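What follows is a single structure, written as structure tokens, with notes after it.
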Amino acid sequence: MMSKILSNRANWAWPYAIVLLVFVVMPLVMIVYYSFQDAEGQWSLHNFHKFFLSTDSVNTLIYSIGIAMITTILCILLGYPAAYFMSKKEYRLPKVMAALFILPMWINVLLRTLATVALFDFAHLPLGEGALIFGMVYNFLPFMVYPIYNTMLKMDGSLIEAAQDLGASPRKVFTEVFLPLSMPGVYSGIVMVFMPTISTFALAELLTMNNVKLFGTLIQENINAGLLGYGAALSLIILILIGLTSFFDNEE
Amino acid sequence: MDNNDYIIQVEHVTKRFDDGKVVLNDVCLNIKRGEFVTLLGPSGCGKTTLLRIIAGFTKPTEGRILLSGKDISELPPYQRPVNTVFQRYALFPHLNVYDNVAFGLKLQKVSEDEIDTRVLSALRIVGMTEYEERNVNELSGGQQQRVAIARAIVNRPQVLLLDEPLSALDHKLRVDMQLELKQMHRDLGITFIFVTHDQEEALSMSDTIVVMNDSVVQQIGTPTDIYNEPANPFVADFIGESNILNGIMKRDYLVNFMDKDFPCVDKGFEDDAPIDVVIRPEDVVMHKDPNDGQWTGRVTSCIFKGIHYEMLVQTPDGYEIQVQNYTAYPVDSEVGMSVAPENIHVMPCKSLFNSIDATVIDATHVFMLGAAFETKLHTLPKGTHVKVAVDFDKVDMLDDPADGTAEGQIRNILYKGNHYFIDVKCSNGANIQADTNDVWEDWDMIGISIKPEDIRVIEG
């Protein structure tokens, strides 16, 4: 009996399906359910109404998106050249660099952030917005570098040669062929960085001494304060936003 | 001849990679304006490297490349008036067919109108009109090939380089494209340099064929020259089918092989000079009556090839001869065979034994082929540079490289009727040849051992 069940490979997927159902699908359903409930347990749009009427909350959302965008742009600006040099064999750096980029990832994100706080303290730099952006870029840079690096590594070298052959100077080879062909990696990087940064809250608390409020913080505060419905509505809003950005990745 | 008759001159080009491997060894080549030249050879012979050096992707270690008499060795690829059709097409996946073809013209800042006219005319030449807006990934291999050719010829290069462009196509499409390329060459009037390992392709398309093997040019000539008068056994073996046999030139117009004398048309060799004999299978005449003809044999296999039959015939002395005939002779039948004097191709043999550079280590050892070999006692002082001689049939080849005294890789195999003649490149770059009855394959890594008494030290 048991062996019969095990022999059908399709059955092996069941444990995963159950885990996904309990830990992904059910929470999502609950978020949707609670966000459309008012305090009396009636179906309503009250929570969404409340959000759009609260200038504070809307501002926090816009501010969070701004911070996430700045982080993403900085990650692209720093990560793209890094990936470029790592993908070039002639620089003989790649292995070392790849290891150095992945090294901080061995350490827990909170420990890393606490260490950042200590570092700022040591250097007598003020915590706040600047520290927050530094911390986010530092944490999420590898997520930008790796997709770009992978795309560059897999790029067909003969395309670069074809461009040279057709008369493209090194600068033109980059702008006309290399850059467009590496864009899929950049899109993946954007999704990998933008999505998690927009809902960050622990980093914000630690790096700004709770002075800067991000959207993630807002959700956490409301849920902690027992406003389950409102918190769920905020979560749904952020989920939809993240869902929209992931269209970036499917563009091609 | 005036230099300007040549569009490309390759002067003593040697290419050595960083790991010391030599892929081109002192290659010289002159290509006339408007010629269709094919670089032909087995994989790893250096033909693609030579093409890449002409295109500018690879720099020669020594020597130079002239274009219309001007040294272009230092010019980067984008400043050379040559264009390449790549083996895997290398079309830009982010651009459609039109933009792929227009890529070079846009870089040259040609006016929009002219770009349009030239792109459309290039697409017409390759038969790809009405595909302008297509994504290149939606095209079949043959279509991508056509776009790649259009992308190259639209720039009106002085030389078009084609790197095995037909190798990824199926047989029928390949034959069609051969004819079309030939037609394009005639219409465009530009020089084509075509790289292939397919001898049929080379024979049917080229004005001139450059046969390469082991980093060296073996022969340059027209397809008929190369087929009818191969310069050495390698060319004879590589181009078309052939029977290659060891022979002796007894005197002018008389050659001995398979232990028989044959009249031939060659002269000018020393009497009793060792030579290689090449006979094309289609030149062997078969006779039903074994008593007719110059020698006899028994048919061991007979395969129908469409137009002719291909047969193997075993002689009583143990030679195996390949024969092509329009008439089938059944397996096990006894036949007579003969060959016309003008169909016996005689080529000088380089040597009858290996002659190897060596250094004396002590009274019983010499260092050669990258290893220390035991020899019989000799009285030469340590460090003396000597030549040693080893007969071809005294070289032992072993399956496991670690079992031999030296290591090597098989680079070429010739079947000589009753044994194989094998060319081995040793780890130190020197070559050694061996006669064997065992079956080996190209690129096999082998061990080499030689008995001490078979190494004759010739004083340097």
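Following the order of the structure tokens, chains are lettered A, B, ..., residues in each are numbered from 1, and ligands are numbered from 1.
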Which residues of stretch 120-213 of chain A come within 12 Å of stretch 49-67 of chain A, and for each one, what is the closest pair of atoms and their distance in Å to one decimal, counting only C-alpha atoms, sorted by chain and residue number, as CSV?
```
residue,atom,partner,partner_atom,distance
A:Glu129,CA,A:Ile67,CA,8.9
A:Gly130,CA,A:Ile67,CA,10.3
A:Ala131,CA,A:Ile67,CA,11.8
A:Leu132,CA,A:Ile67,CA,8.9
A:Ile133,CA,A:Ile67,CA,7.2
A:Phe134,CA,A:Ile67,CA,10.9
A:Gly135,CA,A:Ile67,CA,11.6
A:Met136,CA,A:Ile67,CA,9.2
A:Val137,CA,A:Ile67,CA,10.5
A:Val193,CA,A:Ile67,CA,11.6
A:Phe194,CA,A:Ile65,CA,8.7
A:Met195,CA,A:Ile65,CA,9.9
A:Pro196,CA,A:Ile65,CA,11.1
A:Thr197,CA,A:Ile67,CA,8.0
A:Ile198,CA,A:Ser64,CA,5.8
A:Ser199,CA,A:Ser64,CA,7.9
A:Thr200,CA,A:Ser64,CA,8.7
A:Phe201,CA,A:Ser64,CA,10.0
A:Ala204,CA,A:Ser64,CA,10.3
A:Val212,CA,A:Thr60,CA,9.4
A:Lys213,CA,A:Thr60,CA,6.8
```
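Near chain A, within 8 Å and using only C-alpha atoms, the residues of chain B are Ala55, Phe57, Pro77, Tyr78, Gln79, Arg80, Val82, Asn83, Thr84, Phe86, Ala90, Leu91, Phe92, His94, Phe103, Gly104, Leu107, Gln108, Ala152 and Asn155 of chain B.
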Go ahead and write the selection's residues with N, CA and C atoms as a PDB file, in the first residue's frame.
```
ATOM      1  N   ALA B  55      39.828  38.337 -39.507  1.00  0.00           N
ATOM      2  CA  ALA B  55      38.732  39.195 -39.052  1.00  0.00           C
ATOM      3  C   ALA B  55      39.197  40.184 -37.992  1.00  0.00           C
ATOM      4  N   PHE B  57      39.741  39.223 -34.621  1.00  0.00           N
ATOM      5  CA  PHE B  57      39.354  38.808 -33.264  1.00  0.00           C
ATOM      6  C   PHE B  57      40.526  38.213 -32.514  1.00  0.00           C
ATOM      7  N   PRO B  77      38.907  44.791 -35.075  1.00  0.00           N
ATOM      8  CA  PRO B  77      37.950  44.249 -36.047  1.00  0.00           C
ATOM      9  C   PRO B  77      37.023  45.314 -36.630  1.00  0.00           C
ATOM     10  N   TYR B  78      36.622  46.310 -35.807  1.00  0.00           N
ATOM     11  CA  TYR B  78      35.619  47.250 -36.304  1.00  0.00           C
ATOM     12  C   TYR B  78      36.184  48.240 -37.310  1.00  0.00           C
ATOM     13  N   GLN B  79      37.518  48.230 -37.475  1.00  0.00           N
ATOM     14  CA  GLN B  79      38.084  49.123 -38.489  1.00  0.00           C
ATOM     15  C   GLN B  79      38.510  48.374 -39.747  1.00  0.00           C
ATOM     16  N   ARG B  80      38.190  47.067 -39.824  1.00  0.00           N
ATOM     17  CA  ARG B  80      38.602  46.301 -40.993  1.00  0.00           C
ATOM     18  C   ARG B  80      37.443  46.183 -41.982  1.00  0.00           C
ATOM     19  N   VAL B  82      36.159  44.020 -43.595  1.00  0.00           N
ATOM     20  CA  VAL B  82      35.759  42.629 -43.807  1.00  0.00           C
ATOM     21  C   VAL B  82      34.562  42.351 -42.908  1.00  0.00           C
ATOM     22  N   ASN B  83      33.702  41.453 -43.315  1.00  0.00           N
ATOM     23  CA  ASN B  83      32.575  41.059 -42.480  1.00  0.00           C
ATOM     24  C   ASN B  83      32.500  39.544 -42.395  1.00  0.00           C
ATOM     25  N   THR B  84      31.936  39.085 -41.285  1.00  0.00           N
ATOM     26  CA  THR B  84      31.946  37.656 -40.995  1.00  0.00           C
ATOM     27  C   THR B  84      30.532  37.104 -40.902  1.00  0.00           C
ATOM     28  N   PHE B  86      28.930  34.157 -38.979  1.00  0.00           N
ATOM     29  CA  PHE B  86      29.377  33.291 -37.899  1.00  0.00           C
ATOM     30  C   PHE B  86      28.743  31.913 -37.972  1.00  0.00           C
ATOM     31  N   ALA B  90      24.963  34.193 -34.752  1.00  0.00           N
ATOM     32  CA  ALA B  90      25.163  35.358 -33.879  1.00  0.00           C
ATOM     33  C   ALA B  90      24.279  36.539 -34.252  1.00  0.00           C
ATOM     34  N   LEU B  91      23.010  36.276 -34.511  1.00  0.00           N
ATOM     35  CA  LEU B  91      22.072  37.380 -34.743  1.00  0.00           C
ATOM     36  C   LEU B  91      21.711  38.004 -33.399  1.00  0.00           C
ATOM     37  N   PHE B  92      21.465  39.326 -33.410  1.00  0.00           N
ATOM     38  CA  PHE B  92      21.144  40.011 -32.156  1.00  0.00           C
ATOM     39  C   PHE B  92      19.710  39.686 -31.758  1.00  0.00           C
ATOM     40  N   HIS B  94      17.824  40.924 -29.554  1.00  0.00           N
ATOM     41  CA  HIS B  94      16.973  42.043 -29.146  1.00  0.00           C
ATOM     42  C   HIS B  94      16.548  42.902 -30.331  1.00  0.00           C
ATOM     43  N   PHE B 103      22.184  47.034 -38.794  1.00  0.00           N
ATOM     44  CA  PHE B 103      23.099  47.348 -37.684  1.00  0.00           C
ATOM     45  C   PHE B 103      24.376  48.048 -38.144  1.00  0.00           C
ATOM     46  N   GLY B 104      25.048  47.446 -39.132  1.00  0.00           N
ATOM     47  CA  GLY B 104      26.329  47.998 -39.599  1.00  0.00           C
ATOM     48  C   GLY B 104      26.156  49.351 -40.273  1.00  0.00           C
ATOM     49  N   LEU B 107      25.652  52.247 -37.871  1.00  0.00           N
ATOM     50  CA  LEU B 107      26.903  52.660 -37.236  1.00  0.00           C
ATOM     51  C   LEU B 107      27.724  53.550 -38.163  1.00  0.00           C
ATOM     52  N   GLN B 108      27.586  53.301 -39.473  1.00  0.00           N
ATOM     53  CA  GLN B 108      28.347  54.111 -40.433  1.00  0.00           C
ATOM     54  C   GLN B 108      27.672  55.441 -40.722  1.00  0.00           C
ATOM     55  N   ALA B 152      25.893  40.660 -43.250  1.00  0.00           N
ATOM     56  CA  ALA B 152      27.300  40.843 -43.583  1.00  0.00           C
ATOM     57  C   ALA B 152      27.463  41.536 -44.938  1.00  0.00           C
ATOM     58  N   ASN B 155      26.962  45.590 -45.860  1.00  0.00           N
ATOM     59  CA  ASN B 155      28.023  46.571 -45.632  1.00  0.00           C
ATOM     60  C   ASN B 155      29.016  46.649 -46.780  1.00  0.00           C
TER      61      ASN B 155
END
```
>> Just list as a ChimeraX atom specification whatever in stretch 189-375 of chain B DSSP marks as strand (DSSP E or B).
In response: /B:191-196,208-213,216-221,243-251,254-257,260-263,273-279,284-287,295-304,309-314,320-325,334-339,345-348,353-362,365-368,371-374
Okay, now the selection with C-alpha atoms, as a compact mmCIF listing (two decimals), in the first residue's frame?
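Generated file (part00.txt):
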```
# COMPACT_ATOMS: atom_id res chain seq x y z
CA THR B 191 36.25 37.87 -52.16
CA PHE B 192 34.85 34.97 -50.10
CA ILE B 193 36.95 33.13 -47.54
CA PHE B 194 35.02 30.06 -46.48
CA VAL B 195 35.96 27.71 -43.65
CA THR B 196 34.75 24.12 -43.65
CA THR B 208 40.98 27.68 -54.53
CA ILE B 209 41.21 25.24 -51.66
CA VAL B 210 43.71 25.60 -48.83
CA VAL B 211 44.05 22.22 -47.12
CA MET B 212 45.25 22.54 -43.52
CA ASN B 213 46.24 20.01 -40.93
CA VAL B 216 50.24 23.85 -41.19
CA VAL B 217 49.07 24.47 -44.76
CA GLN B 218 49.32 21.12 -46.56
CA GLN B 219 48.40 22.15 -50.08
CA ILE B 220 46.94 25.11 -51.96
CA GLY B 221 45.31 24.57 -55.32
CA ASN B 243 43.90 3.75 -51.19
CA ILE B 244 47.26 4.78 -49.76
CA LEU B 245 50.09 2.24 -49.92
CA ASN B 246 53.81 2.14 -49.20
CA GLY B 247 55.84 1.70 -52.36
CA ILE B 248 59.28 1.89 -53.92
CA MET B 249 60.13 3.83 -57.06
CA LYS B 250 62.25 1.23 -58.85
CA ARG B 251 63.27 3.55 -61.65
CA LEU B 254 58.19 1.89 -62.80
CA VAL B 255 56.82 1.68 -59.27
CA ASN B 256 56.54 -1.28 -56.91
CA PHE B 257 53.77 -1.70 -54.37
CA LYS B 260 54.30 -6.04 -57.62
CA ASP B 261 55.72 -3.78 -60.33
CA PHE B 262 53.42 -1.30 -62.03
CA PRO B 263 54.11 1.04 -64.92
CA ALA B 273 63.36 5.67 -53.42
CA PRO B 274 60.62 4.98 -50.85
CA ILE B 275 57.33 6.61 -51.88
CA ASP B 276 53.64 6.69 -51.04
CA VAL B 277 51.21 5.53 -53.69
CA VAL B 278 47.66 6.86 -53.89
CA ILE B 279 44.98 5.19 -56.01
CA VAL B 284 40.63 0.65 -59.90
CA VAL B 285 39.31 -1.32 -62.86
CA MET B 286 37.67 -4.64 -61.99
CA HIS B 287 37.68 -7.75 -64.16
CA TRP B 295 46.44 -8.42 -59.43
CA THR B 296 43.67 -10.53 -57.90
CA GLY B 297 41.56 -10.46 -54.81
CA ARG B 298 38.41 -11.62 -53.08
CA VAL B 299 35.50 -9.23 -52.50
CA THR B 300 34.82 -8.94 -48.76
CA SER B 301 32.08 -6.31 -48.75
CA CYS B 302 29.85 -4.61 -51.27
CA ILE B 303 27.69 -1.60 -50.43
CA PHE B 304 25.30 0.23 -52.75
CA TYR B 309 28.88 0.27 -55.49
CA GLU B 310 31.64 0.52 -52.95
CA MET B 311 33.58 -2.71 -52.48
CA LEU B 312 36.46 -3.89 -50.35
CA VAL B 313 38.75 -6.43 -51.96
CA GLN B 314 41.31 -8.50 -50.06
CA GLU B 320 42.75 -4.39 -48.52
CA ILE B 321 41.80 -2.25 -51.51
CA GLN B 322 38.74 -0.02 -51.77
CA VAL B 323 37.05 -0.07 -55.16
CA GLN B 324 34.14 1.84 -56.65
CA ASN B 325 32.30 0.43 -59.63
CA GLU B 334 37.34 -13.71 -57.01
CA VAL B 335 38.14 -10.75 -59.22
CA GLY B 336 41.04 -9.33 -61.19
CA MET B 337 42.02 -5.69 -60.84
CA SER B 338 44.14 -3.20 -62.72
CA VAL B 339 44.97 0.48 -62.65
CA HIS B 345 49.72 8.95 -57.93
CA VAL B 346 53.22 8.80 -56.52
CA MET B 347 54.33 11.13 -53.76
CA PRO B 348 57.69 11.30 -52.07
CA PHE B 353 61.93 6.02 -39.84
CA ASN B 354 61.43 8.56 -37.05
CA SER B 355 64.31 10.95 -36.61
CA ILE B 356 64.01 12.53 -33.18
CA ASP B 357 65.97 15.25 -31.38
CA ALA B 358 67.31 13.94 -28.09
CA THR B 359 69.73 14.83 -25.30
CA VAL B 360 72.04 12.33 -23.65
CA ILE B 361 71.34 11.94 -19.92
CA ASP B 362 73.77 9.15 -19.09
CA HIS B 365 69.39 7.05 -21.19
CA VAL B 366 68.43 9.82 -23.56
CA PHE B 367 65.81 12.52 -23.05
CA MET B 368 63.35 12.88 -25.94
CA ALA B 371 60.60 11.81 -21.23
CA ALA B 372 63.74 9.79 -20.43
CA PHE B 373 64.09 6.69 -22.62
CA GLU B 374 66.42 3.80 -21.91
```
> At what distance in Å, to one decimal, does atom CA of A:Ser87 lie from atom CA of A:Leu153?
Replying inline: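 We find that atom CA of A:Leu153 and atom CA of A:Ser87 lie 5.5 Å from each other.
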DSSP-assigned alpha helix (DSSP H) members of stretch 230-439 of chain B, reported as a PDB file with all heavy atoms, in the first residue's frame:
```pdb
ATOM      1  N   PRO B 233      50.090  12.164 -48.481  1.00  0.00           N
ATOM      2  CA  PRO B 233      49.062  11.179 -48.122  1.00  0.00           C
ATOM      3  C   PRO B 233      47.925  11.778 -47.306  1.00  0.00           C
ATOM      4  O   PRO B 233      46.771  11.367 -47.444  1.00  0.00           O
ATOM      5  CB  PRO B 233      49.829  10.140 -47.301  1.00  0.00           C
ATOM      6  CG  PRO B 233      51.233  10.263 -47.750  1.00  0.00           C
ATOM      7  CD  PRO B 233      51.434  11.708 -48.095  1.00  0.00           C
ATOM      8  N   PHE B 234      48.216  12.791 -46.465  1.00  0.00           N
ATOM      9  CA  PHE B 234      47.132  13.383 -45.678  1.00  0.00           C
ATOM     10  C   PHE B 234      46.066  13.982 -46.593  1.00  0.00           C
ATOM     11  O   PHE B 234      44.879  13.738 -46.430  1.00  0.00           O
ATOM     12  CB  PHE B 234      47.644  14.472 -44.717  1.00  0.00           C
ATOM     13  CG  PHE B 234      46.500  15.222 -44.104  1.00  0.00           C
ATOM     14  CD1 PHE B 234      45.801  14.666 -43.042  1.00  0.00           C
ATOM     15  CD2 PHE B 234      46.047  16.424 -44.640  1.00  0.00           C
ATOM     16  CE1 PHE B 234      44.695  15.308 -42.508  1.00  0.00           C
ATOM     17  CE2 PHE B 234      44.939  17.068 -44.120  1.00  0.00           C
ATOM     18  CZ  PHE B 234      44.269  16.511 -43.045  1.00  0.00           C
ATOM     19  N   VAL B 235      46.503  14.774 -47.574  1.00  0.00           N
ATOM     20  CA  VAL B 235      45.553  15.426 -48.476  1.00  0.00           C
ATOM     21  C   VAL B 235      44.780  14.359 -49.258  1.00  0.00           C
ATOM     22  O   VAL B 235      43.558  14.434 -49.402  1.00  0.00           O
ATOM     23  CB  VAL B 235      46.285  16.394 -49.434  1.00  0.00           C
ATOM     24  CG1 VAL B 235      45.296  16.999 -50.429  1.00  0.00           C
ATOM     25  CG2 VAL B 235      46.979  17.496 -48.651  1.00  0.00           C
ATOM     26  N   ALA B 236      45.497  13.344 -49.737  1.00  0.00           N
ATOM     27  CA  ALA B 236      44.845  12.275 -50.492  1.00  0.00           C
ATOM     28  C   ALA B 236      43.771  11.602 -49.658  1.00  0.00           C
ATOM     29  O   ALA B 236      42.680  11.287 -50.135  1.00  0.00           O
ATOM     30  CB  ALA B 236      45.888  11.252 -50.925  1.00  0.00           C
ATOM     31  N   ASP B 237      44.065  11.406 -48.380  1.00  0.00           N
ATOM     32  CA  ASP B 237      43.138  10.716 -47.493  1.00  0.00           C
ATOM     33  C   ASP B 237      41.959  11.608 -47.140  1.00  0.00           C
ATOM     34  O   ASP B 237      40.828  11.160 -47.040  1.00  0.00           O
ATOM     35  CB  ASP B 237      43.887  10.300 -46.225  1.00  0.00           C
ATOM     36  CG  ASP B 237      42.991   9.519 -45.288  1.00  0.00           C
ATOM     37  OD1 ASP B 237      42.402   8.520 -45.751  1.00  0.00           O
ATOM     38  OD2 ASP B 237      42.875   9.896 -44.114  1.00  0.00           O
ATOM     39  N   PHE B 238      42.235  12.905 -46.954  1.00  0.00           N
ATOM     40  CA  PHE B 238      41.196  13.818 -46.491  1.00  0.00           C
ATOM     41  C   PHE B 238      40.240  14.201 -47.609  1.00  0.00           C
ATOM     42  O   PHE B 238      39.048  14.370 -47.387  1.00  0.00           O
ATOM     43  CB  PHE B 238      41.836  15.072 -45.886  1.00  0.00           C
ATOM     44  CG  PHE B 238      40.872  15.909 -45.102  1.00  0.00           C
ATOM     45  CD1 PHE B 238      40.411  15.468 -43.870  1.00  0.00           C
ATOM     46  CD2 PHE B 238      40.405  17.114 -45.595  1.00  0.00           C
ATOM     47  CE1 PHE B 238      39.505  16.219 -43.152  1.00  0.00           C
ATOM     48  CE2 PHE B 238      39.501  17.866 -44.876  1.00  0.00           C
ATOM     49  CZ  PHE B 238      39.053  17.421 -43.651  1.00  0.00           C
TER      50      PHE B 238
END
```
>> Please list as number ranges by chain every residue within 12 Å of A:Ser246, counting only C-alpha atoms and excluding residues in the same chain fewer than 2 positions away.
In response: A: 187-196, 239-244, 248-251
> Quick one: distance from atom CA of A:Phe140 to atom CA of A:Leu28 in Å, one decimal?
Replying inline: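 Going from atom CA of A:Phe140 over to atom CA of A:Leu28, I get 25.4 Å.
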> Quick one: residues within 12 Å of B:Ala389, only C-alpha atoms counted, chain neighbours fewer than 4 positions away excluded, as number ranges by chain?
Replying inline: B: 351-358, 368, 375, 393-395, 432-433, 450, 452-460
Near-stretch 26-37 of chain B list (6 Å; only C-alpha atoms; drop same-chain fewer than 3 positions) as a tab-separated table (two decimals) with N, CA and C atoms, in the first residue's frame:
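Once everything was written out, this is out.tsv:
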```
chain	number	residue	atom	x	y	z
B	5	ASP	N	47.32	42.59	-56.86
B	5	ASP	CA	46.46	41.53	-57.34
B	5	ASP	C	45.92	40.73	-56.16
B	6	TYR	N	46.58	40.84	-55.04
B	6	TYR	CA	46.15	40.10	-53.85
B	6	TYR	C	45.36	41.01	-52.94
B	7	ILE	N	44.21	40.53	-52.49
B	7	ILE	CA	43.45	41.34	-51.54
B	7	ILE	C	43.90	41.02	-50.11
B	8	ILE	N	44.15	39.74	-49.86
B	8	ILE	CA	44.62	39.35	-48.53
B	8	ILE	C	45.94	38.60	-48.68
B	9	GLN	N	46.92	39.02	-47.89
B	9	GLN	CA	48.17	38.26	-47.84
B	9	GLN	C	48.44	37.90	-46.38
B	10	VAL	N	48.61	36.63	-46.16
B	10	VAL	CA	48.95	36.13	-44.82
B	10	VAL	C	50.43	35.82	-44.87
B	11	GLU	N	51.22	36.55	-44.07
B	11	GLU	CA	52.68	36.41	-44.16
B	11	GLU	C	53.24	35.79	-42.89
B	12	HIS	N	53.70	34.56	-43.02
B	12	HIS	CA	54.39	33.85	-41.93
B	12	HIS	C	53.67	33.98	-40.60
B	13	VAL	N	52.38	33.71	-40.61
B	13	VAL	CA	51.61	33.87	-39.38
B	13	VAL	C	51.74	32.63	-38.49
B	14	THR	N	52.14	32.89	-37.25
B	14	THR	CA	52.19	31.84	-36.24
B	14	THR	C	51.32	32.28	-35.08
B	189	GLY	N	30.72	39.78	-56.61
B	189	GLY	CA	32.08	40.04	-57.07
B	189	GLY	C	33.07	40.32	-55.94
B	190	ILE	N	32.70	40.00	-54.69
B	190	ILE	CA	33.67	40.22	-53.61
B	190	ILE	C	34.36	38.91	-53.26
B	191	THR	N	35.47	39.04	-52.52
B	191	THR	CA	36.25	37.87	-52.16
B	191	THR	C	35.55	37.11	-51.03
B	192	PHE	N	35.43	35.81	-51.17
B	192	PHE	CA	34.85	34.97	-50.10
B	192	PHE	C	35.96	34.12	-49.51
B	193	ILE	N	36.06	34.10	-48.20
B	193	ILE	CA	36.95	33.13	-47.54
B	193	ILE	C	36.05	32.24	-46.68
B	206	SER	N	34.60	26.02	-54.35
B	206	SER	CA	35.76	26.91	-54.31
B	206	SER	C	36.44	27.13	-55.64
B	207	ASP	N	37.10	28.31	-55.78
B	207	ASP	CA	38.08	28.51	-56.84
B	207	ASP	C	39.41	27.92	-56.38
B	208	THR	N	39.72	28.16	-55.10
B	208	THR	CA	40.98	27.68	-54.53
B	208	THR	C	40.70	27.03	-53.19
B	209	ILE	N	41.36	25.90	-52.95
B	209	ILE	CA	41.21	25.24	-51.66
B	209	ILE	C	42.57	25.28	-50.94
```
